[in-house]
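One file, run-v8.tsv, carrying TSV, C-alpha atoms:
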```tsv
chain	number	residue	atom	x	y	z
Z	1	MET	CA	17.45	-1.51	-5.05
Z	2	ASP	CA	18.04	-2.50	-1.49
Z	3	LYS	CA	16.43	-5.58	-0.03
Z	4	MET	CA	15.06	-6.10	3.44
Z	5	ASN	CA	14.11	-9.31	5.19
Z	6	ILE	CA	11.59	-9.32	7.99
Z	7	LYS	CA	11.41	-12.50	10.04
Z	8	LEU	CA	8.18	-13.49	11.70
Z	9	LYS	CA	7.74	-16.44	14.02
Z	10	ASN	CA	6.56	-18.79	11.27
Z	11	LYS	CA	7.55	-17.08	8.04
Z	12	GLU	CA	9.92	-14.63	6.42
Z	13	LEU	CA	8.89	-11.64	4.35
Z	14	LYS	CA	11.20	-10.29	1.69
Z	15	TYR	CA	10.76	-6.78	0.37
Z	16	SER	CA	12.63	-4.69	-2.13
Z	17	TYR	CA	12.24	-0.98	-1.94
Z	18	PRO	CA	13.31	1.84	-4.23
Z	19	GLY	CA	16.57	3.65	-3.57
Z	20	THR	CA	15.14	6.42	-1.42
Z	21	PRO	CA	16.54	7.95	1.77
Z	22	GLU	CA	13.78	6.33	3.81
Z	23	ASN	CA	12.92	2.65	4.11
Z	24	CYS	CA	9.67	2.17	2.24
Z	25	VAL	CA	7.74	-0.62	0.60
Z	26	PHE	CA	5.15	-0.48	-2.12
Z	27	VAL	CA	2.26	-2.40	-3.59
Z	28	ARG	CA	0.81	-1.87	-7.05
Z	29	GLY	CA	-1.88	-3.31	-9.25
Z	30	ARG	CA	-5.18	-2.74	-11.00
Z	31	VAL	CA	-8.53	-2.43	-9.26
Z	32	LYS	CA	-12.05	-2.51	-10.71
Z	33	ASN	CA	-13.96	-1.86	-7.49
Z	34	PRO	CA	-13.89	0.98	-4.95
Z	35	LEU	CA	-11.78	-0.88	-2.37
Z	36	ILE	CA	-8.03	-1.59	-2.31
Z	37	LYS	CA	-6.84	-3.92	0.45
Z	38	LEU	CA	-3.24	-3.47	1.56
Z	39	PRO	CA	-1.12	-6.54	2.41
Z	40	GLU	CA	-1.87	-7.94	5.88
Z	41	GLU	CA	1.85	-7.72	6.80
Z	42	TRP	CA	1.68	-3.93	6.52
Z	43	LYS	CA	-0.34	-3.82	9.76
Z	44	GLU	CA	2.76	-4.71	11.79
Z	45	PHE	CA	5.62	-3.35	9.69
Z	46	VAL	CA	4.42	-0.16	7.97
Z	47	ASP	CA	3.45	3.20	9.48
Z	48	LEU	CA	-0.01	3.49	7.90
Z	49	THR	CA	-0.05	7.26	8.50
Z	50	THR	CA	2.74	7.62	5.91
Z	51	ILE	CA	1.13	5.91	2.93
Z	52	SER	CA	1.15	7.73	-0.39
Z	53	ILE	CA	-1.42	6.65	-2.97
Z	54	HIS	CA	-1.13	7.25	-6.71
Z	55	LEU	CA	-4.04	6.40	-9.03
Z	56	THR	CA	-4.15	6.27	-12.83
Z	57	PRO	CA	-7.68	5.97	-14.24
Z	58	ILE	CA	-8.25	3.64	-17.20
Z	59	GLY	CA	-10.73	4.61	-19.92
Z	60	ALA	CA	-13.13	7.50	-19.35
Z	61	ASN	CA	-12.55	10.29	-16.86
Z	62	GLN	CA	-13.93	8.94	-13.58
Z	63	ASN	CA	-13.14	11.94	-11.35
Z	64	LEU	CA	-11.45	9.31	-9.21
Z	65	ILE	CA	-10.63	10.29	-5.62
Z	66	ILE	CA	-9.46	8.60	-2.45
Z	67	LYS	CA	-12.52	8.83	-0.22
Z	68	ARG	CA	-10.71	7.61	2.90
Z	69	THR	CA	-8.13	5.22	4.27
Z	70	GLN	CA	-9.13	2.97	7.13
Z	71	GLY	CA	-6.56	0.55	8.52
Z	72	LEU	CA	-5.48	-1.67	5.62
Z	73	GLU	CA	-8.27	-0.43	3.34
Z	74	VAL	CA	-8.23	2.35	0.77
Z	75	HIS	CA	-11.73	3.46	-0.26
Z	76	LEU	CA	-12.15	5.07	-3.69
Z	77	GLN	CA	-14.95	7.17	-5.15
Z	78	THR	CA	-15.87	8.19	-8.71
Z	79	ASN	CA	-18.42	10.43	-10.39
Z	80	GLY	CA	-20.78	7.45	-10.73
Z	81	LEU	CA	-18.79	5.43	-13.26
Z	82	PRO	CA	-17.36	2.05	-12.25
Z	83	VAL	CA	-13.84	2.22	-10.79
Z	84	ASP	CA	-11.10	1.02	-13.13
Z	85	CYS	CA	-7.57	2.18	-12.35
Z	86	TYR	CA	-3.96	1.29	-11.74
Z	87	TYR	CA	-2.63	2.04	-8.25
Z	88	LEU	CA	0.79	2.48	-6.68
Z	89	ILE	CA	0.93	2.76	-2.89
Z	90	PHE	CA	4.07	3.48	-0.85
Z	91	GLY	CA	4.42	3.18	2.91
Z	92	LYS	CA	7.31	3.86	5.31
Z	93	VAL	CA	8.64	0.83	7.20
Z	94	LEU	CA	8.50	1.22	10.98
Z	95	ASP	CA	11.86	1.94	12.62
Z	96	LYS	CA	11.59	-0.90	15.12
Z	97	PRO	CA	9.94	-4.27	14.59
Z	98	PRO	CA	6.82	-5.12	16.57
Z	99	GLN	CA	7.32	-6.88	19.88
Z	100	GLY	CA	7.59	-10.66	19.49
Z	101	ALA	CA	8.04	-10.58	15.69
Z	102	LEU	CA	11.69	-11.63	15.69
```
This entry written out as structure tokens:
Amino acid sequence: MDKMNIKLKNKELKYSYPGTPENCVFVRGRVKNPLIKLPEEWKEFVDLTTISIHLTPIGANQNLIIKRTQGLEVHLQTNGLPVDCYYLIFGKVLDKPPQGAL
């Protein structure tokens, strides 16, 4: 895995990303509500139009779908059952850093 450091004015972010031809980052976890919040840093460093979302339902079939993405939020929907799933979300790192970040 390659590593990438992004320096902000007051902090440094360190990311590892899988060995793919494009520079991407990912976040993963488990959610038990219909909202996944992406890391705040993604707003400046990730092209949010490139995110790829993978969901694995836990327990009963929930007919789980991605209802919409809105900024740093991923909204989920089920067939009426409570949301309970693992998620893996990839996003492509922007080619140039935002102005004033370095």
When you look at Tyr87 in chain Z with a cut-off of 10 Å (counting only C-alpha atoms), what residues show up, excluding the ones that are within fewer than 6 positions of it in the same chain? I need them as a PyMOL selection string.
chain Z and resi 27-31+36+53-57
Restricting to only C-alpha atoms, whichever of Z:Val83, Z:Leu76, Z:Ile66, Z:Leu88 is closest to Phe26 in chain Z is Z:Leu88
Would you pick out the contacts of Gln77 in chain Z at 10 Å or less, using all atoms listed in the file, so that residues sharing its chain but fewer than 3 positions from it are not included, and give the list as a PDB file with C-alpha atoms, in the frame of the given file?
```pdb
ATOM      1  CA  ASN Z  33     -13.960  -1.860  -7.490  1.00  0.00           C
ATOM      2  CA  PRO Z  34     -13.890   0.980  -4.950  1.00  0.00           C
ATOM      3  CA  LEU Z  35     -11.780  -0.880  -2.370  1.00  0.00           C
ATOM      4  CA  GLN Z  62     -13.930   8.940 -13.580  1.00  0.00           C
ATOM      5  CA  ASN Z  63     -13.140  11.940 -11.350  1.00  0.00           C
ATOM      6  CA  LEU Z  64     -11.450   9.310  -9.210  1.00  0.00           C
ATOM      7  CA  ILE Z  65     -10.630  10.290  -5.620  1.00  0.00           C
ATOM      8  CA  ILE Z  66      -9.460   8.600  -2.450  1.00  0.00           C
ATOM      9  CA  LYS Z  67     -12.520   8.830  -0.220  1.00  0.00           C
ATOM     10  CA  ARG Z  68     -10.710   7.610   2.900  1.00  0.00           C
ATOM     11  CA  GLY Z  80     -20.780   7.450 -10.730  1.00  0.00           C
ATOM     12  CA  LEU Z  81     -18.790   5.430 -13.260  1.00  0.00           C
ATOM     13  CA  PRO Z  82     -17.360   2.050 -12.250  1.00  0.00           C
ATOM     14  CA  VAL Z  83     -13.840   2.220 -10.790  1.00  0.00           C
TER      15      VAL Z  83
END
```
Closest to Leu48 in chain Z among Z:Val25, Z:Gly91, Z:His75, Z:Cys85, using only C-alpha atoms?
Z:Gly91
Tell me, in Å to one decimal, how far CA of Ile58 in chain Z is from CA of Lys92 in chain Z.
27.4 Å
When you look at Glu40 in chain Z with a cut-off of 12 Å (counting all atoms listed in the file), what residues show up, excluding the ones that are within fewer than 6 positions of it in the same chain? I need them as a ChimeraX atom specification.
/Z:13,27,46,48,71-73
Quick one: pull the distance between CA of Asp47 in chain Z and CA of Asp84 in chain Z, Å, one decimal.
27.0 Å
Suppose you want the space between CA of Lys32 in chain Z and CA of Val93 in chain Z; what is it in Å?
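If I compute the distance from CA of Lys32 in chain Z to CA of Val93 in chain Z, I get 27.6 Å.
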